[in-house]
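Peer 1: Got work26.txt for you, compact mmCIF, N, CA and C atoms and all ligand atoms:
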```txt
# COMPACT_ATOMS: atom_id res chain seq x y z
N MET A 1 -24.24 12.13 -17.81
CA MET A 1 -23.44 11.72 -16.65
C MET A 1 -22.44 10.61 -17.01
N LEU A 2 -22.88 9.74 -17.98
CA LEU A 2 -21.97 8.67 -18.41
C LEU A 2 -20.71 9.26 -19.04
N THR A 3 -20.90 10.38 -19.79
CA THR A 3 -19.74 11.03 -20.41
C THR A 3 -18.76 11.51 -19.34
N ILE A 4 -19.30 12.07 -18.25
CA ILE A 4 -18.42 12.55 -17.16
C ILE A 4 -17.73 11.35 -16.50
N HIS A 5 -18.53 10.27 -16.27
CA HIS A 5 -18.00 9.04 -15.67
C HIS A 5 -16.78 8.58 -16.49
N LEU A 6 -16.94 8.57 -17.82
CA LEU A 6 -15.88 8.04 -18.67
C LEU A 6 -14.73 9.03 -18.87
N THR A 7 -15.03 10.34 -18.77
CA THR A 7 -13.95 11.34 -18.88
C THR A 7 -13.05 11.25 -17.65
N ILE A 8 -13.70 11.16 -16.46
CA ILE A 8 -12.90 11.04 -15.22
C ILE A 8 -12.06 9.76 -15.31
N LEU A 9 -12.67 8.69 -15.83
CA LEU A 9 -11.96 7.42 -15.95
C LEU A 9 -10.72 7.57 -16.84
N SER A 10 -10.89 8.21 -18.01
CA SER A 10 -9.75 8.36 -18.93
C SER A 10 -8.63 9.16 -18.28
N LEU A 11 -8.98 10.28 -17.62
CA LEU A 11 -7.95 11.13 -16.99
C LEU A 11 -7.25 10.36 -15.87
N THR A 12 -8.06 9.63 -15.06
CA THR A 12 -7.46 8.89 -13.93
C THR A 12 -6.52 7.81 -14.46
N ILE A 13 -6.91 7.15 -15.55
CA ILE A 13 -6.07 6.08 -16.10
C ILE A 13 -4.74 6.64 -16.62
N LEU A 14 -4.79 7.85 -17.19
CA LEU A 14 -3.54 8.48 -17.66
C LEU A 14 -2.59 8.69 -16.47
N VAL A 15 -3.15 9.18 -15.35
CA VAL A 15 -2.32 9.42 -14.14
C VAL A 15 -1.77 8.08 -13.62
N ILE A 16 -2.62 7.04 -13.65
CA ILE A 16 -2.19 5.72 -13.16
C ILE A 16 -1.06 5.17 -14.03
N ILE A 17 -1.19 5.30 -15.35
CA ILE A 17 -0.16 4.78 -16.25
C ILE A 17 1.17 5.49 -15.98
N PHE A 18 1.11 6.81 -15.83
CA PHE A 18 2.33 7.60 -15.54
C PHE A 18 2.95 7.14 -14.21
N SER A 19 2.10 6.99 -13.17
CA SER A 19 2.58 6.60 -11.84
C SER A 19 3.17 5.19 -11.88
N ASP A 20 2.45 4.26 -12.51
CA ASP A 20 2.91 2.87 -12.55
C ASP A 20 4.22 2.74 -13.33
N PHE A 21 4.34 3.53 -14.40
CA PHE A 21 5.57 3.49 -15.19
C PHE A 21 6.77 3.90 -14.32
N ASN A 22 6.59 4.97 -13.55
CA ASN A 22 7.66 5.43 -12.66
C ASN A 22 7.92 4.42 -11.53
N GLY A 23 6.82 3.82 -11.03
CA GLY A 23 6.94 2.80 -9.99
C GLY A 23 7.73 1.60 -10.51
N LEU A 24 7.48 1.25 -11.78
CA LEU A 24 8.19 0.12 -12.39
C LEU A 24 9.69 0.42 -12.52
N LEU A 25 10.00 1.66 -12.91
CA LEU A 25 11.42 2.06 -13.03
C LEU A 25 12.12 1.92 -11.68
N TRP A 26 11.40 2.28 -10.61
CA TRP A 26 11.96 2.18 -9.24
C TRP A 26 12.14 0.71 -8.86
N LEU A 27 11.10 -0.09 -9.19
CA LEU A 27 11.15 -1.53 -8.88
C LEU A 27 12.32 -2.21 -9.60
N LEU A 28 12.58 -1.77 -10.84
CA LEU A 28 13.66 -2.38 -11.63
C LEU A 28 15.04 -1.81 -11.29
N GLY A 29 15.06 -0.81 -10.41
CA GLY A 29 16.33 -0.23 -10.01
C GLY A 29 16.83 0.87 -10.94
N ARG A 30 16.00 1.25 -11.92
CA ARG A 30 16.41 2.34 -12.84
C ARG A 30 16.32 3.69 -12.16
N LYS A 31 15.47 3.76 -11.11
CA LYS A 31 15.37 4.98 -10.29
C LYS A 31 15.67 4.57 -8.86
N GLN A 32 16.49 5.35 -8.15
CA GLN A 32 16.84 5.01 -6.77
C GLN A 32 15.67 5.29 -5.82
N GLN A 33 15.03 6.45 -6.02
CA GLN A 33 13.90 6.86 -5.18
C GLN A 33 12.88 7.58 -6.04
N LEU A 34 11.66 7.67 -5.51
CA LEU A 34 10.63 8.44 -6.20
C LEU A 34 10.44 9.77 -5.48
N SER A 35 9.98 10.77 -6.23
CA SER A 35 9.81 12.10 -5.64
C SER A 35 8.58 12.13 -4.72
N LYS A 36 8.81 12.51 -3.47
CA LYS A 36 7.73 12.57 -2.49
C LYS A 36 6.64 13.56 -2.93
N LYS A 37 7.11 14.74 -3.39
CA LYS A 37 6.16 15.78 -3.79
C LYS A 37 5.29 15.30 -4.93
N LEU A 38 5.95 14.78 -5.99
CA LEU A 38 5.22 14.35 -7.18
C LEU A 38 4.25 13.23 -6.86
N PHE A 39 4.71 12.23 -6.09
CA PHE A 39 3.86 11.07 -5.85
C PHE A 39 2.74 11.34 -4.85
N THR A 40 2.94 12.33 -3.99
CA THR A 40 1.84 12.72 -3.10
C THR A 40 0.74 13.34 -3.96
N VAL A 41 1.13 14.18 -4.93
CA VAL A 41 0.14 14.80 -5.83
C VAL A 41 -0.55 13.72 -6.67
N LEU A 42 0.24 12.79 -7.22
CA LEU A 42 -0.33 11.74 -8.07
C LEU A 42 -1.32 10.88 -7.28
N HIS A 43 -0.97 10.58 -6.04
CA HIS A 43 -1.86 9.75 -5.21
C HIS A 43 -3.18 10.49 -4.94
N TRP A 44 -3.07 11.79 -4.71
CA TRP A 44 -4.27 12.60 -4.51
C TRP A 44 -5.14 12.62 -5.76
N LEU A 45 -4.47 12.77 -6.93
CA LEU A 45 -5.23 12.84 -8.19
C LEU A 45 -6.00 11.54 -8.43
N VAL A 46 -5.34 10.40 -8.19
CA VAL A 46 -6.03 9.11 -8.39
C VAL A 46 -7.17 8.96 -7.38
N SER A 47 -6.92 9.39 -6.13
CA SER A 47 -7.99 9.28 -5.11
C SER A 47 -9.18 10.16 -5.49
N ILE A 48 -8.90 11.38 -5.98
CA ILE A 48 -9.99 12.27 -6.41
C ILE A 48 -10.74 11.63 -7.58
N GLY A 49 -9.97 11.03 -8.52
CA GLY A 49 -10.58 10.35 -9.67
C GLY A 49 -11.51 9.23 -9.20
N LEU A 50 -11.05 8.46 -8.22
CA LEU A 50 -11.84 7.34 -7.71
C LEU A 50 -13.13 7.86 -7.05
N VAL A 51 -13.00 8.94 -6.27
CA VAL A 51 -14.19 9.53 -5.65
C VAL A 51 -15.14 10.04 -6.74
N GLY A 52 -14.57 10.65 -7.79
CA GLY A 52 -15.38 11.14 -8.92
C GLY A 52 -16.13 10.00 -9.60
N MET A 53 -15.46 8.85 -9.75
CA MET A 53 -16.11 7.68 -10.37
C MET A 53 -17.26 7.20 -9.49
N ILE A 54 -17.03 7.20 -8.18
CA ILE A 54 -18.06 6.71 -7.25
C ILE A 54 -19.25 7.66 -7.25
N LEU A 55 -18.99 8.98 -7.28
CA LEU A 55 -20.09 9.96 -7.25
C LEU A 55 -20.91 9.91 -8.55
N THR A 56 -20.20 9.93 -9.70
CA THR A 56 -20.94 9.93 -10.98
C THR A 56 -21.63 8.58 -11.18
N GLY A 57 -20.93 7.47 -10.81
CA GLY A 57 -21.53 6.13 -10.92
C GLY A 57 -22.72 6.01 -9.99
N GLY A 58 -22.57 6.52 -8.77
CA GLY A 58 -23.66 6.46 -7.78
C GLY A 58 -24.89 7.20 -8.29
N TYR A 59 -24.66 8.34 -8.93
CA TYR A 59 -25.77 9.15 -9.47
C TYR A 59 -26.53 8.34 -10.53
N MET A 60 -25.74 7.68 -11.44
CA MET A 60 -26.39 6.89 -12.50
C MET A 60 -27.12 5.69 -11.89
N ALA A 61 -26.46 5.06 -10.89
CA ALA A 61 -27.04 3.88 -10.25
C ALA A 61 -28.37 4.24 -9.58
N TYR A 62 -28.41 5.41 -8.94
CA TYR A 62 -29.61 5.91 -8.28
C TYR A 62 -30.75 6.01 -9.30
N GLY A 63 -30.39 6.47 -10.51
CA GLY A 63 -31.37 6.63 -11.59
C GLY A 63 -31.98 5.29 -12.01
N TYR A 64 -31.19 4.21 -11.92
CA TYR A 64 -31.70 2.89 -12.32
C TYR A 64 -32.59 2.28 -11.24
N GLY A 65 -32.47 2.79 -10.02
CA GLY A 65 -33.29 2.27 -8.91
C GLY A 65 -32.60 1.11 -8.22
N THR A 66 -32.73 1.05 -6.90
CA THR A 66 -32.02 0.03 -6.12
C THR A 66 -32.50 -1.39 -6.45
N GLU A 67 -33.80 -1.53 -6.75
CA GLU A 67 -34.34 -2.87 -6.98
C GLU A 67 -33.68 -3.53 -8.19
N ALA A 68 -33.58 -2.77 -9.28
CA ALA A 68 -32.97 -3.30 -10.50
C ALA A 68 -31.50 -3.65 -10.25
N LEU A 69 -30.82 -2.81 -9.46
CA LEU A 69 -29.39 -3.01 -9.25
C LEU A 69 -29.10 -4.17 -8.30
N PHE A 70 -29.97 -4.37 -7.28
CA PHE A 70 -29.75 -5.47 -6.34
C PHE A 70 -29.84 -6.82 -7.04
N LYS A 71 -30.64 -6.85 -8.12
CA LYS A 71 -30.80 -8.11 -8.86
C LYS A 71 -29.67 -8.28 -9.88
N ASN A 72 -28.90 -7.23 -10.08
CA ASN A 72 -27.86 -7.26 -11.13
C ASN A 72 -26.52 -7.71 -10.52
N TYR A 73 -26.15 -8.97 -10.81
CA TYR A 73 -24.93 -9.53 -10.21
C TYR A 73 -23.67 -8.84 -10.73
N VAL A 74 -23.74 -8.37 -11.98
CA VAL A 74 -22.57 -7.67 -12.54
C VAL A 74 -22.33 -6.40 -11.73
N PHE A 75 -23.42 -5.69 -11.40
CA PHE A 75 -23.28 -4.46 -10.62
C PHE A 75 -22.69 -4.77 -9.24
N GLY A 76 -23.22 -5.82 -8.58
CA GLY A 76 -22.74 -6.21 -7.25
C GLY A 76 -21.25 -6.53 -7.29
N THR A 77 -20.84 -7.28 -8.32
CA THR A 77 -19.42 -7.66 -8.44
C THR A 77 -18.57 -6.41 -8.69
N LYS A 78 -19.10 -5.52 -9.53
CA LYS A 78 -18.36 -4.28 -9.81
C LYS A 78 -18.15 -3.50 -8.51
N MET A 79 -19.20 -3.41 -7.68
CA MET A 79 -19.09 -2.66 -6.42
C MET A 79 -18.11 -3.33 -5.46
N PHE A 80 -18.03 -4.67 -5.49
CA PHE A 80 -17.07 -5.38 -4.65
C PHE A 80 -15.65 -4.95 -5.01
N PHE A 81 -15.36 -4.91 -6.33
CA PHE A 81 -14.01 -4.53 -6.76
C PHE A 81 -13.75 -3.04 -6.53
N VAL A 82 -14.80 -2.21 -6.62
CA VAL A 82 -14.62 -0.78 -6.32
C VAL A 82 -14.22 -0.64 -4.84
N ALA A 83 -14.87 -1.42 -3.95
CA ALA A 83 -14.53 -1.37 -2.52
C ALA A 83 -13.07 -1.81 -2.33
N MET A 84 -12.65 -2.82 -3.11
CA MET A 84 -11.25 -3.26 -3.00
C MET A 84 -10.28 -2.15 -3.40
N LEU A 85 -10.68 -1.41 -4.45
CA LEU A 85 -9.83 -0.30 -4.91
C LEU A 85 -9.67 0.77 -3.83
N VAL A 86 -10.79 1.06 -3.14
CA VAL A 86 -10.77 2.09 -2.10
C VAL A 86 -9.84 1.65 -0.96
N ILE A 87 -9.98 0.39 -0.52
CA ILE A 87 -9.13 -0.13 0.56
C ILE A 87 -7.67 -0.12 0.12
N ASN A 88 -7.46 -0.56 -1.14
CA ASN A 88 -6.10 -0.64 -1.66
C ASN A 88 -5.45 0.74 -1.80
N ALA A 89 -6.27 1.74 -2.20
CA ALA A 89 -5.73 3.11 -2.33
C ALA A 89 -5.25 3.59 -0.96
N TYR A 90 -6.02 3.24 0.09
CA TYR A 90 -5.63 3.61 1.45
C TYR A 90 -4.30 2.93 1.82
N LEU A 91 -4.19 1.64 1.48
CA LEU A 91 -2.96 0.90 1.81
C LEU A 91 -1.75 1.45 1.05
N ILE A 92 -1.96 1.80 -0.23
CA ILE A 92 -0.86 2.37 -1.02
C ILE A 92 -0.41 3.68 -0.37
N GLY A 93 -1.41 4.49 0.04
CA GLY A 93 -1.10 5.77 0.71
C GLY A 93 -0.24 5.57 1.94
N LYS A 94 -0.50 4.45 2.65
CA LYS A 94 0.24 4.18 3.89
C LYS A 94 1.66 3.67 3.63
N HIS A 95 1.85 3.03 2.48
CA HIS A 95 3.15 2.40 2.23
C HIS A 95 4.02 3.12 1.20
N MET A 96 3.47 4.10 0.50
CA MET A 96 4.24 4.68 -0.61
C MET A 96 5.49 5.43 -0.16
N HIS A 97 5.51 5.83 1.16
CA HIS A 97 6.69 6.55 1.66
C HIS A 97 7.96 5.71 1.48
N LEU A 98 7.80 4.38 1.42
CA LEU A 98 8.97 3.50 1.26
C LEU A 98 9.73 3.84 -0.02
N SER A 99 8.98 4.21 -1.05
CA SER A 99 9.62 4.49 -2.34
C SER A 99 10.32 5.85 -2.36
N PHE A 100 10.08 6.68 -1.33
CA PHE A 100 10.76 7.99 -1.26
C PHE A 100 12.06 7.85 -0.48
N GLU A 101 12.17 6.75 0.28
CA GLU A 101 13.26 6.64 1.24
C GLU A 101 14.46 5.85 0.75
N LYS A 102 14.18 4.74 0.02
CA LYS A 102 15.30 3.90 -0.40
C LYS A 102 15.00 3.16 -1.70
N PRO A 103 16.05 2.60 -2.32
CA PRO A 103 15.81 1.81 -3.54
C PRO A 103 15.01 0.55 -3.21
N PHE A 104 14.28 0.06 -4.20
CA PHE A 104 13.40 -1.11 -3.99
C PHE A 104 14.19 -2.29 -3.43
N LYS A 105 15.40 -2.52 -3.94
CA LYS A 105 16.15 -3.71 -3.52
C LYS A 105 16.56 -3.68 -2.04
N GLU A 106 16.52 -2.50 -1.44
CA GLU A 106 16.89 -2.40 -0.01
C GLU A 106 15.71 -2.62 0.95
N LEU A 107 14.52 -2.82 0.39
CA LEU A 107 13.36 -3.05 1.26
C LEU A 107 13.39 -4.47 1.82
N SER A 108 12.69 -4.67 2.93
CA SER A 108 12.59 -6.02 3.49
C SER A 108 11.66 -6.84 2.59
N ARG A 109 11.73 -8.17 2.76
CA ARG A 109 10.89 -9.06 1.95
C ARG A 109 9.41 -8.71 2.10
N LYS A 110 9.01 -8.43 3.34
CA LYS A 110 7.60 -8.12 3.62
C LYS A 110 7.18 -6.81 2.94
N GLU A 111 8.05 -5.80 3.03
CA GLU A 111 7.74 -4.51 2.41
C GLU A 111 7.59 -4.68 0.89
N LYS A 112 8.50 -5.46 0.29
CA LYS A 112 8.41 -5.70 -1.15
C LYS A 112 7.10 -6.38 -1.49
N GLN A 113 6.72 -7.38 -0.68
CA GLN A 113 5.49 -8.13 -0.94
C GLN A 113 4.27 -7.22 -0.88
N VAL A 114 4.20 -6.38 0.18
CA VAL A 114 3.04 -5.49 0.33
C VAL A 114 2.89 -4.59 -0.89
N LEU A 115 4.02 -4.00 -1.34
CA LEU A 115 3.94 -3.07 -2.46
C LEU A 115 3.57 -3.78 -3.76
N MET A 116 4.15 -4.98 -3.97
CA MET A 116 3.86 -5.70 -5.21
C MET A 116 2.42 -6.20 -5.23
N ILE A 117 1.92 -6.66 -4.08
CA ILE A 117 0.53 -7.14 -4.03
C ILE A 117 -0.43 -5.98 -4.26
N SER A 118 -0.18 -4.83 -3.61
CA SER A 118 -1.13 -3.73 -3.79
C SER A 118 -1.08 -3.19 -5.23
N GLY A 119 0.08 -3.23 -5.86
CA GLY A 119 0.17 -2.82 -7.27
C GLY A 119 -0.64 -3.76 -8.15
N LEU A 120 -0.50 -5.05 -7.88
CA LEU A 120 -1.22 -6.06 -8.66
C LEU A 120 -2.74 -5.95 -8.47
N VAL A 121 -3.14 -5.78 -7.19
CA VAL A 121 -4.57 -5.66 -6.87
C VAL A 121 -5.15 -4.44 -7.60
N SER A 122 -4.41 -3.33 -7.54
CA SER A 122 -4.89 -2.10 -8.15
C SER A 122 -5.08 -2.28 -9.66
N THR A 123 -4.04 -2.75 -10.36
CA THR A 123 -4.13 -2.91 -11.82
C THR A 123 -5.27 -3.87 -12.18
N SER A 124 -5.31 -5.05 -11.52
CA SER A 124 -6.36 -6.01 -11.91
C SER A 124 -7.75 -5.47 -11.59
N ALA A 125 -7.91 -4.79 -10.42
CA ALA A 125 -9.25 -4.30 -10.07
C ALA A 125 -9.72 -3.25 -11.09
N TRP A 126 -8.84 -2.32 -11.52
CA TRP A 126 -9.26 -1.31 -12.51
C TRP A 126 -9.71 -1.99 -13.81
N ILE A 127 -8.95 -3.01 -14.25
CA ILE A 127 -9.30 -3.69 -15.50
C ILE A 127 -10.63 -4.44 -15.34
N ILE A 128 -10.78 -5.18 -14.22
CA ILE A 128 -12.02 -5.95 -14.00
C ILE A 128 -13.23 -5.00 -13.94
N ILE A 129 -13.07 -3.87 -13.20
CA ILE A 129 -14.19 -2.93 -13.07
C ILE A 129 -14.56 -2.33 -14.43
N PHE A 130 -13.55 -2.05 -15.24
CA PHE A 130 -13.80 -1.50 -16.58
C PHE A 130 -14.64 -2.50 -17.39
N VAL A 131 -14.19 -3.76 -17.40
CA VAL A 131 -14.90 -4.80 -18.18
C VAL A 131 -16.33 -4.97 -17.63
N LEU A 132 -16.47 -5.01 -16.30
CA LEU A 132 -17.81 -5.17 -15.70
C LEU A 132 -18.69 -3.97 -16.03
N GLY A 133 -18.10 -2.77 -16.07
CA GLY A 133 -18.85 -1.56 -16.43
C GLY A 133 -19.44 -1.70 -17.83
N LYS A 134 -18.64 -2.26 -18.74
CA LYS A 134 -19.10 -2.47 -20.13
C LYS A 134 -20.20 -3.53 -20.20
N MET A 135 -20.21 -4.45 -19.20
CA MET A 135 -21.19 -5.55 -19.23
C MET A 135 -22.47 -5.22 -18.47
N LEU A 136 -22.51 -4.02 -17.83
CA LEU A 136 -23.59 -3.71 -16.88
C LEU A 136 -25.00 -3.88 -17.42
N PHE A 137 -25.29 -3.18 -18.54
CA PHE A 137 -26.67 -3.23 -19.04
C PHE A 137 -26.72 -3.64 -20.49
C1 LIG B 1 -13.18 2.65 -10.61
C2 LIG B 1 -14.38 2.73 -10.78
C3 LIG B 1 -15.20 2.56 -12.03
C4 LIG B 1 -14.88 2.24 -13.34
C5 LIG B 1 -13.51 1.91 -13.92
C6 LIG B 1 -16.13 2.24 -14.10
C7 LIG B 1 -16.23 1.99 -15.46
C8 LIG B 1 -17.40 2.01 -16.16
C9 LIG B 1 -17.52 1.72 -17.56
C10 LIG B 1 -16.38 1.35 -18.50
C11 LIG B 1 -18.83 1.83 -17.89
C12 LIG B 1 -19.47 1.54 -19.24
C13 LIG B 1 -19.62 2.74 -20.11
C14 LIG B 1 -20.10 2.36 -21.48
O1 LIG B 1 -21.15 1.73 -21.61
O2 LIG B 1 -19.40 2.69 -22.43
C15 LIG B 1 -19.55 2.19 -16.69
C16 LIG B 1 -20.91 2.37 -16.62
C17 LIG B 1 -21.60 2.51 -15.45
N1 LIG B 1 -21.08 2.66 -14.18
FE1 LIG B 1 -19.12 2.66 -13.70
N2 LIG B 1 -17.15 2.55 -13.24
C18 LIG B 1 -16.63 2.73 -11.97
C19 LIG B 1 -17.31 3.02 -10.80
C20 LIG B 1 -18.68 3.01 -10.69
C21 LIG B 1 -19.42 3.12 -9.45
C22 LIG B 1 -18.77 3.24 -8.07
C23 LIG B 1 -20.74 3.04 -9.77
C24 LIG B 1 -21.94 3.09 -8.88
C25 LIG B 1 -21.96 3.42 -7.62
C26 LIG B 1 -20.84 2.91 -11.21
C27 LIG B 1 -22.00 2.83 -11.91
C28 LIG B 1 -22.11 2.73 -13.29
C29 LIG B 1 -23.39 2.66 -14.00
C30 LIG B 1 -24.78 2.70 -13.38
C31 LIG B 1 -23.06 2.52 -15.36
C32 LIG B 1 -24.03 2.32 -16.53
C33 LIG B 1 -24.43 3.59 -17.14
C34 LIG B 1 -25.35 3.36 -18.33
O3 LIG B 1 -25.03 2.51 -19.19
O4 LIG B 1 -26.39 3.99 -18.34
N3 LIG B 1 -19.57 2.89 -11.73
N4 LIG B 1 -18.66 2.31 -15.64
```
Just give me the structure as structure tokens.
Peer 2:
Amino acid sequence: MLTIHLTILSLTILVIIFSDFNGLLWLLGRKQQLSKKLFTVLHWLVSIGLVGMILTGGYMAYGYGTEALFKNYVFGTKMFFVAMLVINAYLIGKHMHLSFEKPFKELSRKEKQVLMISGLVSTSAWIIIFVLGKMLF
């Protein structure tokens, strides 16, 4: 199951790197708009990857038993950041239409802030969860 956990992780990270690279080009003004079709698919792929991580991780966690995991602070912290990723994925889904409509520089200050914060939260949470995963047992 760990192999599946890590395979889903590798595939999801490839999709994230591709998406973030294109998002960065838009943010820097190298791209005027992002493709609605492509980014709707990419958002779905990352969401499916996240669900896959939760299912395979949940299966392994179940195997370790709740008592062992409740005492494990690394696991608790990892789950906190996983919850943040889920909330953030929802927020990105709600705001990504902005990148299909106009260039980044034409967004309001608040819109720019929301997108930049959710990008930052997403990248840092994936990295933190990866490191915590390595520290689990
Ligand atoms: C975005 C989400 C996640 C990422 C990036 C992630 C990443 C990782 C990584 C890097 C490892 C270490 C693999 C190794 O030792 O080489 C790991 C292990 C593990 N993960 Fe996750 N994980 C995620 C979500 C979850 C979730 C939601 C759960 C539980 C509900 C979970 C439970 C576990 C468990 C129990 C292990 C230890 C398996 C073992 O060593 O026997 N993970 N994860």
Peer 1: Provide the atom N of Leu28 in chain A to CA of Ile13 in chain A distance in Å, to one decimal place.
Peer 2: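 These two atoms are separated by 20.9 Å.
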Peer 1: From a DSSP pass on the backbone, collect the residues of range 24-125 of chain A flagged as helix (DSSP H, G or I) and hand them back as a ChimeraX atom specification.
Peer 2: /A:24-27,36-64,66-70,73-95,98-101,104-106,109-125
Peer 1: Box along x, y and z, 6 Å on every side, all listed atoms of ligand LIG 1 (chain B) inside: centre and edge lengths in Å to one decimal, as JSON.
Peer 2:
```
{"center_x": -19.8, "center_y": 2.7, "center_z": -15.0, "size_x": 25.2, "size_y": 14.6, "size_z": 26.8}
```
Peer 1: Could you tell me, counting all atoms listed in the file, which protein and nucleic acid residues lie no more than 6.5 Å from ligand LIG 1 (chain B), written as an mmCIF file with N, CA and C atoms, in the coordinates of the input?
Peer 2:
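part34.cif, freshly written:
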```cif
data_model
loop_
_atom_site.group_PDB
_atom_site.id
_atom_site.type_symbol
_atom_site.label_atom_id
_atom_site.label_comp_id
_atom_site.auth_asym_id
_atom_site.auth_seq_id
_atom_site.Cartn_x
_atom_site.Cartn_y
_atom_site.Cartn_z
ATOM 1 N N LEU A 2 -22.880 9.740 -17.980
ATOM 2 C CA LEU A 2 -21.970 8.670 -18.410
ATOM 3 C C LEU A 2 -20.710 9.260 -19.040
ATOM 4 N N LEU A 9 -12.670 8.690 -15.830
ATOM 5 C CA LEU A 9 -11.960 7.420 -15.950
ATOM 6 C C LEU A 9 -10.720 7.570 -16.840
ATOM 7 N N LEU A 50 -11.050 8.460 -8.220
ATOM 8 C CA LEU A 50 -11.840 7.340 -7.710
ATOM 9 C C LEU A 50 -13.130 7.860 -7.050
ATOM 10 N N MET A 53 -15.460 8.850 -9.750
ATOM 11 C CA MET A 53 -16.110 7.680 -10.370
ATOM 12 C C MET A 53 -17.260 7.200 -9.490
ATOM 13 N N ILE A 54 -17.030 7.200 -8.180
ATOM 14 C CA ILE A 54 -18.060 6.710 -7.250
ATOM 15 C C ILE A 54 -19.250 7.660 -7.250
ATOM 16 N N LEU A 55 -18.990 8.980 -7.280
ATOM 17 C CA LEU A 55 -20.090 9.960 -7.250
ATOM 18 C C LEU A 55 -20.910 9.910 -8.550
ATOM 19 N N THR A 56 -20.200 9.930 -9.700
ATOM 20 C CA THR A 56 -20.940 9.930 -10.980
ATOM 21 C C THR A 56 -21.630 8.580 -11.180
ATOM 22 N N GLY A 57 -20.930 7.470 -10.810
ATOM 23 C CA GLY A 57 -21.530 6.130 -10.920
ATOM 24 C C GLY A 57 -22.720 6.010 -9.990
ATOM 25 N N GLY A 58 -22.570 6.520 -8.770
ATOM 26 C CA GLY A 58 -23.660 6.460 -7.780
ATOM 27 C C GLY A 58 -24.890 7.200 -8.290
ATOM 28 N N TYR A 59 -24.660 8.340 -8.930
ATOM 29 C CA TYR A 59 -25.770 9.150 -9.470
ATOM 30 C C TYR A 59 -26.530 8.340 -10.530
ATOM 31 N N MET A 60 -25.740 7.680 -11.440
ATOM 32 C CA MET A 60 -26.390 6.890 -12.500
ATOM 33 C C MET A 60 -27.120 5.690 -11.890
ATOM 34 N N ALA A 61 -26.460 5.060 -10.890
ATOM 35 C CA ALA A 61 -27.040 3.880 -10.250
ATOM 36 C C ALA A 61 -28.370 4.240 -9.580
ATOM 37 N N TYR A 62 -28.410 5.410 -8.940
ATOM 38 C CA TYR A 62 -29.610 5.910 -8.280
ATOM 39 C C TYR A 62 -30.750 6.010 -9.300
ATOM 40 N N MET A 79 -19.200 -3.410 -7.680
ATOM 41 C CA MET A 79 -19.090 -2.660 -6.420
ATOM 42 C C MET A 79 -18.110 -3.330 -5.460
ATOM 43 N N VAL A 82 -14.800 -2.210 -6.620
ATOM 44 C CA VAL A 82 -14.620 -0.780 -6.320
ATOM 45 C C VAL A 82 -14.220 -0.640 -4.840
ATOM 46 N N TRP A 126 -8.840 -2.320 -11.520
ATOM 47 C CA TRP A 126 -9.260 -1.310 -12.510
ATOM 48 C C TRP A 126 -9.710 -1.990 -13.810
ATOM 49 N N ILE A 129 -13.070 -3.870 -13.200
ATOM 50 C CA ILE A 129 -14.190 -2.930 -13.070
ATOM 51 C C ILE A 129 -14.560 -2.330 -14.430
ATOM 52 N N PHE A 130 -13.550 -2.050 -15.240
ATOM 53 C CA PHE A 130 -13.800 -1.500 -16.580
ATOM 54 C C PHE A 130 -14.640 -2.500 -17.390
ATOM 55 N N VAL A 131 -14.190 -3.760 -17.400
ATOM 56 C CA VAL A 131 -14.900 -4.800 -18.180
ATOM 57 C C VAL A 131 -16.330 -4.970 -17.630
ATOM 58 N N LEU A 132 -16.470 -5.010 -16.300
ATOM 59 C CA LEU A 132 -17.810 -5.170 -15.700
ATOM 60 C C LEU A 132 -18.690 -3.970 -16.030
ATOM 61 N N GLY A 133 -18.100 -2.770 -16.070
ATOM 62 C CA GLY A 133 -18.850 -1.560 -16.430
ATOM 63 C C GLY A 133 -19.440 -1.700 -17.830
ATOM 64 N N LYS A 134 -18.640 -2.260 -18.740
ATOM 65 C CA LYS A 134 -19.100 -2.470 -20.130
ATOM 66 C C LYS A 134 -20.200 -3.530 -20.200
ATOM 67 N N MET A 135 -20.210 -4.450 -19.200
ATOM 68 C CA MET A 135 -21.190 -5.550 -19.230
ATOM 69 C C MET A 135 -22.470 -5.220 -18.470
ATOM 70 N N LEU A 136 -22.510 -4.020 -17.830
ATOM 71 C CA LEU A 136 -23.590 -3.710 -16.880
ATOM 72 C C LEU A 136 -25.000 -3.880 -17.420
ATOM 73 N N PHE A 137 -25.290 -3.180 -18.540
ATOM 74 C CA PHE A 137 -26.670 -3.230 -19.040
ATOM 75 C C PHE A 137 -26.720 -3.640 -20.490
#
```
Peer 1: Using all atoms listed in the file, find the one residue out of A:Ile127, A:Ile8, A:Met96, A:Leu25 that sits nearest to Gly49 in chain A.
Peer 2: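 Closest candidate: A:Ile8.
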Peer 1: For Ser99 in chain A, which of A:Val51, A:Leu69, A:Leu34, A:Ala125 is the closest residue, counting only N, CA and C atoms?
Peer 2: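 Using only N, CA and C atoms, the shortest distance to Ser99 in chain A belongs to A:Leu34.
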Peer 1: Which is closest to Met84 in chain A among A:Ile4, A:Val121, A:His43, A:Phe18, if we use all atoms listed in the file?
Peer 2: A:Val121
Peer 1: Find the distance between atom N of Ile92 in chain A and CA of Val46 in chain A and write it in Å to one decimal.
Peer 2: 11.7 Å
